[in-house]
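Listing of work-v9.json, JSON, C-alpha atoms (C1' of nucleotides)
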```json
[["chain", "number", "residue", "atom", "x", "y", "z"],
["A", 1, "MET", "CA", -19.38, 31.94, -13.86],
["A", 2, "LYS", "CA", -19.50, 28.22, -13.88],
["A", 3, "LYS", "CA", -21.66, 26.34, -11.43],
["A", 4, "SER", "CA", -18.65, 24.37, -10.35],
["A", 5, "LYS", "CA", -19.49, 21.66, -7.92],
["A", 6, "ASP", "CA", -15.86, 20.81, -7.55],
["A", 7, "TYR", "CA", -15.30, 17.32, -6.32],
["A", 8, "GLN", "CA", -11.88, 16.47, -5.09],
["A", 9, "MET", "CA", -11.16, 13.22, -6.80],
["A", 10, "MET", "CA", -9.36, 10.84, -4.53],
["A", 11, "SER", "CA", -6.33, 9.00, -5.79],
["A", 12, "PRO", "CA", -6.64, 5.24, -6.26],
["A", 13, "GLU", "CA", -4.43, 4.78, -3.20],
["A", 14, "ALA", "CA", -6.71, 6.93, -1.09],
["A", 15, "LEU", "CA", -9.72, 5.07, -2.39],
["A", 16, "THR", "CA", -8.05, 1.84, -1.39],
["A", 17, "MET", "CA", -7.50, 3.07, 2.14],
["A", 18, "VAL", "CA", -11.10, 4.15, 2.46],
["A", 19, "ALA", "CA", -12.31, 0.88, 1.00],
["A", 20, "GLU", "CA", -10.12, -1.01, 3.44],
["A", 21, "ARG", "CA", -11.88, 0.73, 6.27],
["A", 22, "PHE", "CA", -15.32, -0.05, 4.92],
["A", 23, "ARG", "CA", -14.38, -3.65, 4.35],
["A", 24, "LEU", "CA", -13.33, -3.85, 7.96],
["A", 25, "LEU", "CA", -16.88, -2.96, 8.96],
["A", 26, "GLY", "CA", -18.30, -5.32, 6.38],
["A", 27, "GLU", "CA", -18.35, -8.33, 8.68],
["A", 28, "PRO", "CA", -21.28, -9.08, 10.96],
["A", 29, "ILE", "CA", -19.07, -10.53, 13.67],
["A", 30, "ARG", "CA", -16.86, -7.46, 13.74],
["A", 31, "LEU", "CA", -19.89, -5.22, 13.87],
["A", 32, "GLY", "CA", -21.18, -7.37, 16.69],
["A", 33, "ILE", "CA", -17.94, -6.95, 18.58],
["A", 34, "LEU", "CA", -18.05, -3.20, 18.14],
["A", 35, "GLN", "CA", -21.66, -3.07, 19.18],
["A", 36, "THR", "CA", -20.78, -5.06, 22.27],
["A", 37, "LEU", "CA", -17.91, -2.76, 23.10],
["A", 38, "GLN", "CA", -20.26, 0.17, 22.93],
["A", 39, "ALA", "CA", -21.13, -0.65, 26.52],
["A", 40, "GLY", "CA", -17.52, -0.09, 27.50],
["A", 41, "GLU", "CA", -14.17, -1.80, 27.81],
["A", 42, "MET", "CA", -14.43, -5.56, 27.90],
["A", 43, "SER", "CA", -12.23, -8.64, 28.10],
["A", 44, "VAL", "CA", -11.85, -11.09, 25.25],
["A", 45, "GLY", "CA", -13.79, -13.65, 27.25],
["A", 46, "GLU", "CA", -16.69, -11.31, 27.79],
["A", 47, "ILE", "CA", -16.74, -10.33, 24.15],
["A", 48, "THR", "CA", -16.68, -13.97, 23.12],
["A", 49, "GLU", "CA", -19.73, -14.61, 25.23],
["A", 50, "ALA", "CA", -21.57, -11.69, 23.70],
["A", 51, "VAL", "CA", -21.00, -12.55, 20.05],
["A", 52, "GLU", "CA", -21.68, -16.06, 18.94],
["A", 53, "THR", "CA", -18.42, -17.46, 17.70],
["A", 54, "SER", "CA", -15.25, -19.07, 18.96],
["A", 55, "GLN", "CA", -12.62, -17.33, 21.05],
["A", 56, "PRO", "CA", -9.86, -17.68, 18.45],
["A", 57, "ASN", "CA", -12.13, -16.10, 15.91],
["A", 58, "VAL", "CA", -12.88, -13.20, 18.22],
["A", 59, "SER", "CA", -9.18, -12.73, 18.88],
["A", 60, "LYS", "CA", -8.45, -12.55, 15.19],
["A", 61, "HIS", "CA", -11.16, -10.04, 14.51],
["A", 62, "LEU", "CA", -10.01, -7.97, 17.46],
["A", 63, "LYS", "CA", -6.52, -7.96, 16.08],
["A", 64, "MET", "CA", -7.73, -6.65, 12.76],
["A", 65, "LEU", "CA", -9.77, -3.95, 14.45],
["A", 66, "GLN", "CA", -6.78, -2.97, 16.52],
["A", 67, "THR", "CA", -4.49, -2.86, 13.52],
["A", 68, "PHE", "CA", -6.73, -0.19, 12.11],
["A", 69, "ASP", "CA", -6.93, 1.71, 15.38],
["A", 70, "ILE", "CA", -10.62, 1.05, 15.74],
["A", 71, "VAL", "CA", -10.19, -0.62, 19.10],
["A", 72, "SER", "CA", -7.53, -0.27, 21.77],
["A", 73, "ARG", "CA", -5.90, -3.08, 23.70],
["A", 74, "ARG", "CA", -4.95, -3.13, 27.36],
["A", 75, "GLN", "CA", -3.45, -6.11, 29.10],
["A", 76, "GLN", "CA", -3.82, -6.61, 32.81],
["A", 77, "GLY", "CA", -2.32, -9.76, 34.15],
["A", 78, "ASN", "CA", -3.53, -12.56, 32.04],
["A", 79, "THR", "CA", -6.61, -10.95, 30.67],
["A", 80, "VAL", "CA", -6.79, -8.48, 27.83],
["A", 81, "TYR", "CA", -9.28, -5.67, 27.61],
["A", 82, "TYR", "CA", -10.41, -4.07, 24.41],
["A", 83, "ALA", "CA", -12.28, -0.82, 23.96],
["A", 84, "ILE", "CA", -13.56, 1.36, 21.18],
["A", 85, "ALA", "CA", -10.80, 3.70, 20.10],
["A", 86, "ASP", "CA", -12.54, 5.32, 17.16],
["A", 87, "PRO", "CA", -16.10, 6.32, 17.96],
["A", 88, "SER", "CA", -16.68, 7.56, 14.41],
["A", 89, "ILE", "CA", -17.63, 3.94, 13.78],
["A", 90, "PHE", "CA", -21.00, 4.55, 15.36],
["A", 91, "GLU", "CA", -21.60, 7.60, 13.28],
["A", 92, "LEU", "CA", -21.08, 5.40, 10.25],
["A", 93, "CYS", "CA", -23.49, 2.81, 11.52],
["A", 94, "ASP", "CA", -26.09, 5.46, 12.17],
["A", 95, "VAL", "CA", -25.85, 6.71, 8.62],
["A", 96, "VAL", "CA", -26.14, 3.22, 7.22],
["A", 97, "CYS", "CA", -29.07, 2.40, 9.43],
["A", 98, "GLY", "CA", -30.81, 5.59, 8.39],
["A", 99, "SER", "CA", -30.25, 4.75, 4.77],
["A", 100, "LEU", "CA", -31.55, 1.23, 5.23],
["A", 101, "GLN", "CA", -34.61, 2.52, 6.98],
["A", 102, "GLU", "CA", -35.38, 4.94, 4.15],
["A", 103, "ARG", "CA", -34.95, 2.17, 1.70],
["A", 104, "MET", "CA", -37.37, -0.04, 3.54],
["A", 105, "GLU", "CA", -39.89, 2.73, 3.95],
["A", 106, "SER", "CA", -39.70, 3.47, 0.26],
["A", 107, "ARG", "CA", -40.43, -0.16, -0.52],
["A", 108, "TYR", "CA", -43.30, -0.14, 1.90],
["A", 109, "ASN", "CA", -44.77, 2.92, 0.22],
["A", 110, "LYS", "CA", -44.46, 1.31, -3.19],
["A", 111, "MET", "CA", -46.31, -1.70, -1.89],
["A", 112, "GLN", "CA", -49.03, 0.49, -0.46],
["A", 113, "SER", "CA", -49.52, 2.34, -3.73],
["A", 114, "VAL", "CA", -49.90, -1.01, -5.45],
["A", 115, "PHE", "CA", -52.23, -2.66, -3.00],
["A", 116, "GLY", "CA", -54.16, 0.42, -2.00],
["B", 1, "MET", "CA", -31.13, 7.08, 38.93],
["B", 2, "LYS", "CA", -28.90, 5.09, 36.71],
["B", 3, "LYS", "CA", -26.77, 6.77, 34.07],
["B", 4, "SER", "CA", -28.20, 4.48, 31.46],
["B", 5, "LYS", "CA", -26.57, 4.90, 28.12],
["B", 6, "ASP", "CA", -29.03, 2.49, 26.58],
["B", 7, "TYR", "CA", -27.75, 0.93, 23.42],
["B", 8, "GLN", "CA", -30.27, -0.78, 21.21],
["B", 9, "MET", "CA", -28.55, -4.01, 20.35],
["B", 10, "MET", "CA", -29.14, -4.94, 16.77],
["B", 11, "SER", "CA", -30.20, -8.45, 15.90],
["B", 12, "PRO", "CA", -27.71, -10.61, 14.03],
["B", 13, "GLU", "CA", -29.87, -10.24, 10.93],
["B", 14, "ALA", "CA", -29.78, -6.48, 11.19],
["B", 15, "LEU", "CA", -26.04, -6.58, 11.72],
["B", 16, "THR", "CA", -25.74, -8.67, 8.60],
["B", 17, "MET", "CA", -27.67, -6.13, 6.57],
["B", 18, "VAL", "CA", -25.52, -3.30, 7.81],
["B", 19, "ALA", "CA", -22.36, -5.30, 7.19],
["B", 20, "GLU", "CA", -23.56, -6.06, 3.68],
["B", 21, "ARG", "CA", -23.82, -2.35, 3.04],
["B", 22, "PHE", "CA", -20.33, -1.67, 4.35],
["B", 23, "ARG", "CA", -18.90, -4.50, 2.34],
["B", 24, "LEU", "CA", -20.45, -2.98, -0.73],
["B", 25, "LEU", "CA", -18.38, 0.13, -0.13],
["B", 26, "GLY", "CA", -15.32, -1.94, 0.67],
["B", 27, "GLU", "CA", -14.08, -2.12, -2.90],
["B", 28, "PRO", "CA", -11.87, 0.54, -4.45],
["B", 29, "ILE", "CA", -13.43, 0.14, -7.88],
["B", 30, "ARG", "CA", -16.93, 0.60, -6.53],
["B", 31, "LEU", "CA", -15.85, 3.63, -4.57],
["B", 32, "GLY", "CA", -14.24, 4.92, -7.75],
["B", 33, "ILE", "CA", -17.48, 4.46, -9.62],
["B", 34, "LEU", "CA", -19.43, 6.30, -6.97],
["B", 35, "GLN", "CA", -16.89, 9.06, -6.88],
["B", 36, "THR", "CA", -17.17, 9.37, -10.63],
["B", 37, "LEU", "CA", -20.94, 9.51, -10.49],
["B", 38, "GLN", "CA", -20.70, 12.33, -8.02],
["B", 39, "ALA", "CA", -20.38, 14.58, -11.05],
["B", 40, "GLY", "CA", -23.79, 13.44, -12.25],
["B", 41, "GLU", "CA", -25.54, 10.78, -14.28],
["B", 42, "MET", "CA", -23.22, 8.91, -16.60],
["B", 43, "SER", "CA", -23.24, 6.11, -19.14],
["B", 44, "VAL", "CA", -21.48, 2.82, -18.58],
["B", 45, "GLY", "CA", -18.96, 3.75, -21.22],
["B", 46, "GLU", "CA", -18.12, 7.02, -19.56],
["B", 47, "ILE", "CA", -17.80, 5.34, -16.18],
["B", 48, "THR", "CA", -15.55, 2.68, -17.65],
["B", 49, "GLU", "CA", -13.26, 5.37, -18.98],
["B", 50, "ALA", "CA", -13.10, 7.08, -15.62],
["B", 51, "VAL", "CA", -12.24, 4.05, -13.52],
["B", 52, "GLU", "CA", -9.44, 1.86, -14.72],
["B", 53, "THR", "CA", -10.91, -1.53, -15.34],
["B", 54, "SER", "CA", -12.82, -3.46, -17.98],
["B", 55, "GLN", "CA", -16.36, -2.75, -19.06],
["B", 56, "PRO", "CA", -17.74, -6.11, -17.91],
["B", 57, "ASN", "CA", -16.25, -5.48, -14.52],
["B", 58, "VAL", "CA", -17.86, -2.07, -14.32],
["B", 59, "SER", "CA", -21.19, -3.56, -15.34],
["B", 60, "LYS", "CA", -21.00, -6.12, -12.57],
["B", 61, "HIS", "CA", -20.16, -3.58, -9.94],
["B", 62, "LEU", "CA", -22.92, -1.33, -11.17],
["B", 63, "LYS", "CA", -25.36, -4.16, -10.91],
["B", 64, "MET", "CA", -24.37, -4.77, -7.30],
["B", 65, "LEU", "CA", -24.70, -1.10, -6.49],
["B", 66, "GLN", "CA", -28.10, -1.00, -8.11],
["B", 67, "THR", "CA", -29.28, -4.10, -6.30],
["B", 68, "PHE", "CA", -28.70, -2.22, -3.08],
["B", 69, "ASP", "CA", -30.37, 0.94, -4.36],
["B", 70, "ILE", "CA", -27.17, 2.90, -4.20],
["B", 71, "VAL", "CA", -27.33, 3.81, -7.86],
["B", 72, "SER", "CA", -30.24, 4.10, -10.26],
["B", 73, "ARG", "CA", -30.39, 2.84, -13.83],
["B", 74, "ARG", "CA", -31.96, 4.50, -16.83],
["B", 75, "GLN", "CA", -31.83, 3.09, -20.32],
["B", 76, "GLN", "CA", -32.11, 5.30, -23.35],
["B", 77, "GLY", "CA", -31.82, 3.54, -26.63],
["B", 78, "ASN", "CA", -28.79, 1.41, -26.48],
["B", 79, "THR", "CA", -26.96, 3.23, -23.77],
["B", 80, "VAL", "CA", -27.55, 2.92, -20.05],
["B", 81, "TYR", "CA", -27.15, 5.74, -17.62],
["B", 82, "TYR", "CA", -26.41, 5.31, -13.96],
["B", 83, "ALA", "CA", -26.67, 7.87, -11.21],
["B", 84, "ILE", "CA", -26.28, 8.09, -7.46],
["B", 85, "ALA", "CA", -29.54, 7.12, -5.83],
["B", 86, "ASP", "CA", -28.40, 7.20, -2.21],
["B", 87, "PRO", "CA", -26.33, 10.28, -1.40],
["B", 88, "SER", "CA", -25.76, 9.11, 2.15],
["B", 89, "ILE", "CA", -22.82, 7.29, 0.62],
["B", 90, "PHE", "CA", -20.86, 10.49, 0.57],
["B", 91, "GLU", "CA", -21.65, 11.22, 4.15],
["B", 92, "LEU", "CA", -20.12, 7.86, 4.97],
["B", 93, "CYS", "CA", -17.01, 8.59, 2.97],
["B", 94, "ASP", "CA", -16.62, 11.93, 4.69],
["B", 95, "VAL", "CA", -16.70, 10.28, 8.09],
["B", 96, "VAL", "CA", -14.17, 7.68, 7.07],
["B", 97, "CYS", "CA", -11.89, 10.27, 5.56],
["B", 98, "GLY", "CA", -12.09, 12.35, 8.70],
["B", 99, "SER", "CA", -11.24, 9.35, 10.79],
["B", 100, "LEU", "CA", -8.31, 8.46, 8.57],
["B", 101, "GLN", "CA", -7.03, 11.98, 8.75],
["B", 102, "GLU", "CA", -7.18, 12.00, 12.53],
["B", 103, "ARG", "CA", -5.37, 8.72, 12.59],
["B", 104, "MET", "CA", -2.61, 10.02, 10.40],
["B", 105, "GLU", "CA", -2.29, 13.22, 12.37],
["B", 106, "SER", "CA", -2.02, 11.24, 15.55],
["B", 107, "ARG", "CA", 0.79, 9.20, 14.05],
["B", 108, "TYR", "CA", 2.49, 12.34, 12.89],
["B", 109, "ASN", "CA", 2.29, 13.80, 16.37],
["B", 110, "LYS", "CA", 3.73, 10.65, 17.88],
["B", 111, "MET", "CA", 6.61, 10.85, 15.46],
["B", 112, "GLN", "CA", 7.19, 14.47, 16.34],
["B", 113, "SER", "CA", 7.27, 13.72, 20.02],
["B", 114, "VAL", "CA", 9.87, 11.07, 19.35],
["B", 115, "PHE", "CA", 12.09, 13.00, 16.99],
["B", 116, "GLY", "CA", 11.55, 16.40, 18.55],
["C", 1, "DT", "C1'", 7.38, -26.11, 39.84],
["C", 2, "DA", "C1'", 3.03, -27.95, 38.19],
["C", 3, "DG", "C1'", -1.19, -26.74, 36.91],
["C", 4, "DT", "C1'", -4.80, -23.81, 35.27],
["C", 5, "DA", "C1'", -6.90, -19.98, 32.95],
["C", 6, "DA", "C1'", -6.90, -16.35, 29.33],
["C", 7, "DT", "C1'", -5.49, -15.07, 24.97],
["C", 8, "DA", "C1'", -2.98, -15.55, 20.67],
["C", 9, "DT", "C1'", -1.23, -18.00, 16.74],
["C", 10, "DG", "C1'", -0.47, -21.54, 13.05],
["C", 11, "DA", "C1'", -2.20, -24.78, 9.79],
["C", 12, "DT", "C1'", -5.89, -26.02, 7.20],
["C", 13, "DT", "C1'", -10.24, -25.87, 4.77],
["C", 14, "DA", "C1'", -13.99, -23.78, 2.53],
["C", 15, "DT", "C1'", -16.29, -20.07, 0.39],
["C", 16, "DA", "C1'", -17.01, -15.60, -1.60],
["C", 17, "DG", "C1'", -16.08, -12.59, -4.89],
["C", 18, "DA", "C1'", -12.99, -9.81, -8.15],
["C", 19, "DG", "C1'", -11.17, -9.99, -12.59],
["C", 20, "DT", "C1'", -10.88, -11.69, -17.36],
["C", 21, "DT", "C1'", -12.32, -13.56, -21.80],
["C", 22, "DA", "C1'", -15.61, -14.66, -24.78],
["C", 23, "DT", "C1'", -20.17, -14.26, -26.04],
["C", 24, "DA", "C1'", -25.04, -12.94, -25.70],
["C", 25, "DT", "C1'", -28.48, -9.30, -25.91],
["C", 26, "DT", "C1'", -30.43, -5.14, -27.40],
["C", 27, "DA", "C1'", -31.08, -1.16, -30.21],
["C", 28, "DA", "C1'", -29.83, 1.80, -33.61],
["C", 29, "DA", "C1'", -27.99, 2.75, -38.42],
["C", 30, "DT", "C1'", -26.87, 1.73, -43.22],
["D", 1, "DA", "C1'", -31.41, -7.78, -43.15],
["D", 2, "DT", "C1'", -26.63, -6.81, -41.86],
["D", 3, "DT", "C1'", -23.72, -4.52, -39.35],
["D", 4, "DT", "C1'", -22.18, -1.87, -35.59],
["D", 5, "DA", "C1'", -22.20, -0.08, -30.96],
["D", 6, "DA", "C1'", -23.37, -0.38, -26.01],
["D", 7, "DT", "C1'", -24.18, -3.14, -22.26],
["D", 8, "DA", "C1'", -24.90, -7.49, -19.85],
["D", 9, "DT", "C1'", -23.96, -12.23, -18.79],
["D", 10, "DA", "C1'", -21.69, -16.84, -18.38],
["D", 11, "DA", "C1'", -17.81, -19.64, -17.47],
["D", 12, "DC", "C1'", -13.72, -19.72, -15.44],
["D", 13, "DT", "C1'", -9.55, -18.72, -12.59],
["D", 14, "DC", "C1'", -7.42, -16.87, -8.72],
["D", 15, "DT", "C1'", -6.98, -14.72, -4.43],
["D", 16, "DA", "C1'", -8.44, -13.27, 0.03],
["D", 17, "DT", "C1'", -10.31, -14.35, 4.17],
["D", 18, "DA", "C1'", -13.58, -16.40, 7.62],
["D", 19, "DA", "C1'", -13.97, -20.30, 10.48],
["D", 20, "DT", "C1'", -12.17, -24.19, 12.94],
["D", 21, "DC", "C1'", -9.02, -27.12, 15.46],
["D", 22, "DA", "C1'", -5.08, -27.77, 17.74],
["D", 23, "DT", "C1'", -1.48, -25.75, 20.07],
["D", 24, "DA", "C1'", 1.55, -22.09, 21.76],
["D", 25, "DT", "C1'", 2.25, -18.30, 24.93],
["D", 26, "DT", "C1'", 1.70, -15.83, 29.04],
["D", 27, "DA", "C1'", 0.54, -15.01, 33.75],
["D", 28, "DC", "C1'", -1.31, -16.27, 37.86],
["D", 29, "DT", "C1'", -2.01, -19.86, 41.73],
["D", 30, "DA", "C1'", -1.60, -23.91, 44.74]]
```
Represent the supplied structure as structure tokens.
Amino acid sequence: MKKSKDYQMMSPEALTMVAERFRLLGEPIRLGILQTLQAGEMSVGEITEAVETSQPNVSKHLKMLQTFDIVSRRQQGNTVYYAIADPSIFELCDVVCGSLQERMESRYNKMQSVFG
Amino acid sequence: MKKSKDYQMMSPEALTMVAERFRLLGEPIRLGILQTLQAGEMSVGEITEAVETSQPNVSKHLKMLQTFDIVSRRQQGNTVYYAIADPSIFELCDVVCGSLQERMESRYNKMQSVFG
DNA sequence: TAGTAATATGATTATAGAGTTATATTAAAT
DNA sequence: ATTTAATATAACTCTATAATCATATTACTA
């Protein structure tokens, strides 16, 4: 019997969709927005204060995030509230942070073994 | 006592590092390479056959992936073997795929509720 | 109905990076 | 020593997109 680790190969289209999602998280400002929204629903103005960039820029990033169902949008009068719609985002960030930490620890250990 | 969900806000620099990592995964070709390497260590030539692009392009992507310690490099004679060095990658992909699936199911359900 | 505040959009610029072609490097083989 | 094979790199083009500025839209208020 074959030791078959069977990997389901994703189609190029599927890969593109997944990549699209990763790319969406590949911007510091967008990550900052999501991190800010972790505290709860927030207006565009509040978000703009929290992350350091212009309001139009925030609006654009929010639109992208909403297009991909990562945040939700709720309008009340003249102000618009956004909230996290897909909490799996934070799971992703946790994994990445863990990986980064390991990487840094590994470097630290290498340095130690060199310098005693 | 306050129901303090305390979120540790990441510094802009930390956010940039995390974003960098996501951006690295935000390319279909690179995801394809990683998916290919899931089967085990492989030479550049073999990888090039598996993903549909040129060899120089594969080499560049591999270099990026190696720079970020996502793959490892081993040279034997004239051929170079790459392998997954950071398996957390696949954890990330699983989360994204799950999220995409939920999103599609939700759309499907909405359609059903519209069309009966 | 003006006027103001909150958000979104359009036009533009600037930069990053993906792909390609040609070529360089390196190591093995004849 | 040439030649061949495997991989890497350099120069270049092209596209995508992030940021900015100005302005449009929308809703509330005096």
Could you give me, as JSON lines, a per-residue list for chain C showing, wherever an atom lies at most 10 Å from an atom of chain A, the closest pair of atoms and their distance in Å to one decimal, using all atoms listed in the file and sorting by chain then residue number from low to high?
```
{"residue": "C:DA5", "atom": "C1'", "partner": "A:Asn78", "partner_atom": "CA", "distance": 8.2}
{"residue": "C:DA6", "atom": "C1'", "partner": "A:Thr79", "partner_atom": "CA", "distance": 5.6}
{"residue": "C:DT7", "atom": "C1'", "partner": "A:Thr79", "partner_atom": "CA", "distance": 7.1}
{"residue": "C:DA8", "atom": "C1'", "partner": "A:Ser59", "partner_atom": "CA", "distance": 7.0}
{"residue": "C:DT9", "atom": "C1'", "partner": "A:Pro56", "partner_atom": "CA", "distance": 8.8}
```
Taking all atoms listed in the file into account, report as a PyMOL selection string which residues of chain A lie within 8 Å of chain B.
chain A and resi 5+7+9+12+15-16+18-28+31-32+35+38-39+69+86+88+91-93+95-97+99-100+103
Enclosing box along x, y and z for every listed atom of region 14-27 of chain D, padded 6 Å each side, centre and size in Å, one decimal, as JSON:
```
{"center_x": -5.9, "center_y": -20.5, "center_z": 12.5, "size_x": 28.2, "size_y": 26.5, "size_z": 54.5}
```
Name the residues in contact with region 20-26 of chain C at a cut-off of 10 Å, using all atoms listed in the file, excluding same-chain residues fewer than 5 positions from it; report them as an mmCIF file with C-alpha atoms (C1' of nucleotides), in the coordinates of the input.
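Here's the written file result_27.cif:
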```cif
data_model
loop_
_atom_site.group_PDB
_atom_site.id
_atom_site.type_symbol
_atom_site.label_atom_id
_atom_site.label_comp_id
_atom_site.auth_asym_id
_atom_site.auth_seq_id
_atom_site.Cartn_x
_atom_site.Cartn_y
_atom_site.Cartn_z
ATOM 1 C CA SER B 54 -12.820 -3.460 -17.980
ATOM 2 C CA PRO B 56 -17.740 -6.110 -17.910
ATOM 3 C CA ASN B 57 -16.250 -5.480 -14.520
ATOM 4 C CA GLY B 77 -31.820 3.540 -26.630
ATOM 5 C CA ASN B 78 -28.790 1.410 -26.480
ATOM 6 C CA THR B 79 -26.960 3.230 -23.770
ATOM 7 C "C1'" DA D 6 -23.370 -0.380 -26.010
ATOM 8 C "C1'" DT D 7 -24.180 -3.140 -22.260
ATOM 9 C "C1'" DA D 8 -24.900 -7.490 -19.850
ATOM 10 C "C1'" DT D 9 -23.960 -12.230 -18.790
ATOM 11 C "C1'" DA D 10 -21.690 -16.840 -18.380
ATOM 12 C "C1'" DA D 11 -17.810 -19.640 -17.470
ATOM 13 C "C1'" DC D 12 -13.720 -19.720 -15.440
ATOM 14 C "C1'" DT D 13 -9.550 -18.720 -12.590
#
```
Taking all atoms listed in the file into account, find every residue of chain D that has an atom no more than 8 Å from chain A, and write it out as a PDB file with C-alpha atoms (C1' of nucleotides), in the frame of the given file.
```pdb
ATOM      1  C1'  DA D  19     -13.970 -20.300  10.480  1.00  0.00           C
ATOM      2  C1'  DT D  26       1.700 -15.830  29.040  1.00  0.00           C
ATOM      3  C1'  DA D  27       0.540 -15.010  33.750  1.00  0.00           C
ATOM      4  C1'  DC D  28      -1.310 -16.270  37.860  1.00  0.00           C
TER       5       DC D  28
END
```
Hey, can you check how far CA of Tyr81 (chain A) sits from C1' of DT4 (chain C)?
20.2 Å
One decimal, Å: what's the distance from CA of Met111 (chain A) over to CA of Phe90 (chain B), could you say?
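Here the two named atoms are 28.3 Å from each other.
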State, in Å with one decimal place, the distance from C1' of DG3 (chain C) to C1' of DT29 (chain D).
8.4 Å
Show which residues sit within 12 Å of DT3 (chain D), as a list in words. Count only C-alpha atoms (C1' of nucleotides), and ignore same-chain residues fewer than 5 positions away.
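The contact residues come out as DA28, DA29 and DT30 of chain C.
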Write a file for region 17-65 of chain A of the given structure; include C-alpha atoms and format it as a JSON list (two decimals), in the first residue's frame.
```
[["chain", "number", "residue", "atom", "x", "y", "z"],
["A", 17, "MET", "CA", -8.93, 33.44, -5.69],
["A", 18, "VAL", "CA", -6.86, 32.45, -2.70],
["A", 19, "ALA", "CA", -4.03, 34.72, -3.79],
["A", 20, "GLU", "CA", -6.49, 37.56, -4.19],
["A", 21, "ARG", "CA", -7.48, 37.14, -0.59],
["A", 22, "PHE", "CA", -3.91, 37.11, 0.64],
["A", 23, "ARG", "CA", -3.09, 40.15, -1.43],
["A", 24, "LEU", "CA", -5.96, 41.93, 0.22],
["A", 25, "LEU", "CA", -4.27, 41.40, 3.57],
["A", 26, "GLY", "CA", -0.92, 42.35, 2.14],
["A", 27, "GLU", "CA", -1.29, 46.05, 2.86],
["A", 28, "PRO", "CA", -0.30, 47.59, 6.18],
["A", 29, "ILE", "CA", -3.08, 50.16, 6.06],
["A", 30, "ARG", "CA", -5.73, 47.51, 5.47],
["A", 31, "LEU", "CA", -4.32, 45.42, 8.28],
["A", 32, "GLY", "CA", -4.39, 48.51, 10.44],
["A", 33, "ILE", "CA", -8.03, 49.09, 9.60],
["A", 34, "LEU", "CA", -8.89, 45.52, 10.46],
["A", 35, "GLN", "CA", -6.95, 45.69, 13.67],
["A", 36, "THR", "CA", -8.80, 48.85, 14.56],
["A", 37, "LEU", "CA", -12.14, 47.27, 13.81],
["A", 38, "GLN", "CA", -11.28, 44.44, 16.14],
["A", 39, "ALA", "CA", -12.55, 46.69, 18.91],
["A", 40, "GLY", "CA", -15.95, 46.77, 17.26],
["A", 41, "GLU", "CA", -18.02, 48.59, 14.68],
["A", 42, "MET", "CA", -16.67, 52.02, 13.84],
["A", 43, "SER", "CA", -17.39, 54.97, 11.59],
["A", 44, "VAL", "CA", -15.15, 55.97, 8.72],
["A", 45, "GLY", "CA", -14.11, 59.05, 10.65],
["A", 46, "GLU", "CA", -13.09, 57.05, 13.67],
["A", 47, "ILE", "CA", -11.17, 54.59, 11.54],
["A", 48, "THR", "CA", -9.41, 57.43, 9.77],
["A", 49, "GLU", "CA", -8.26, 58.78, 13.10],
["A", 50, "ALA", "CA", -6.94, 55.41, 14.16],
["A", 51, "VAL", "CA", -4.87, 54.64, 11.08],
["A", 52, "GLU", "CA", -2.56, 57.30, 9.80],
["A", 53, "THR", "CA", -3.73, 58.17, 6.33],
["A", 54, "SER", "CA", -6.28, 60.31, 4.54],
["A", 55, "GLN", "CA", -10.02, 59.76, 4.64],
["A", 56, "PRO", "CA", -10.34, 59.07, 0.91],
["A", 57, "ASN", "CA", -7.67, 56.45, 1.22],
["A", 58, "VAL", "CA", -9.46, 54.80, 4.11],
["A", 59, "SER", "CA", -12.70, 54.82, 2.14],
["A", 60, "LYS", "CA", -11.07, 53.10, -0.77],
["A", 61, "HIS", "CA", -9.50, 50.43, 1.35],
["A", 62, "LEU", "CA", -12.78, 49.88, 3.13],
["A", 63, "LYS", "CA", -14.49, 49.43, -0.18],
["A", 64, "MET", "CA", -12.03, 46.77, -1.20],
["A", 65, "LEU", "CA", -12.45, 44.98, 2.10]]
```
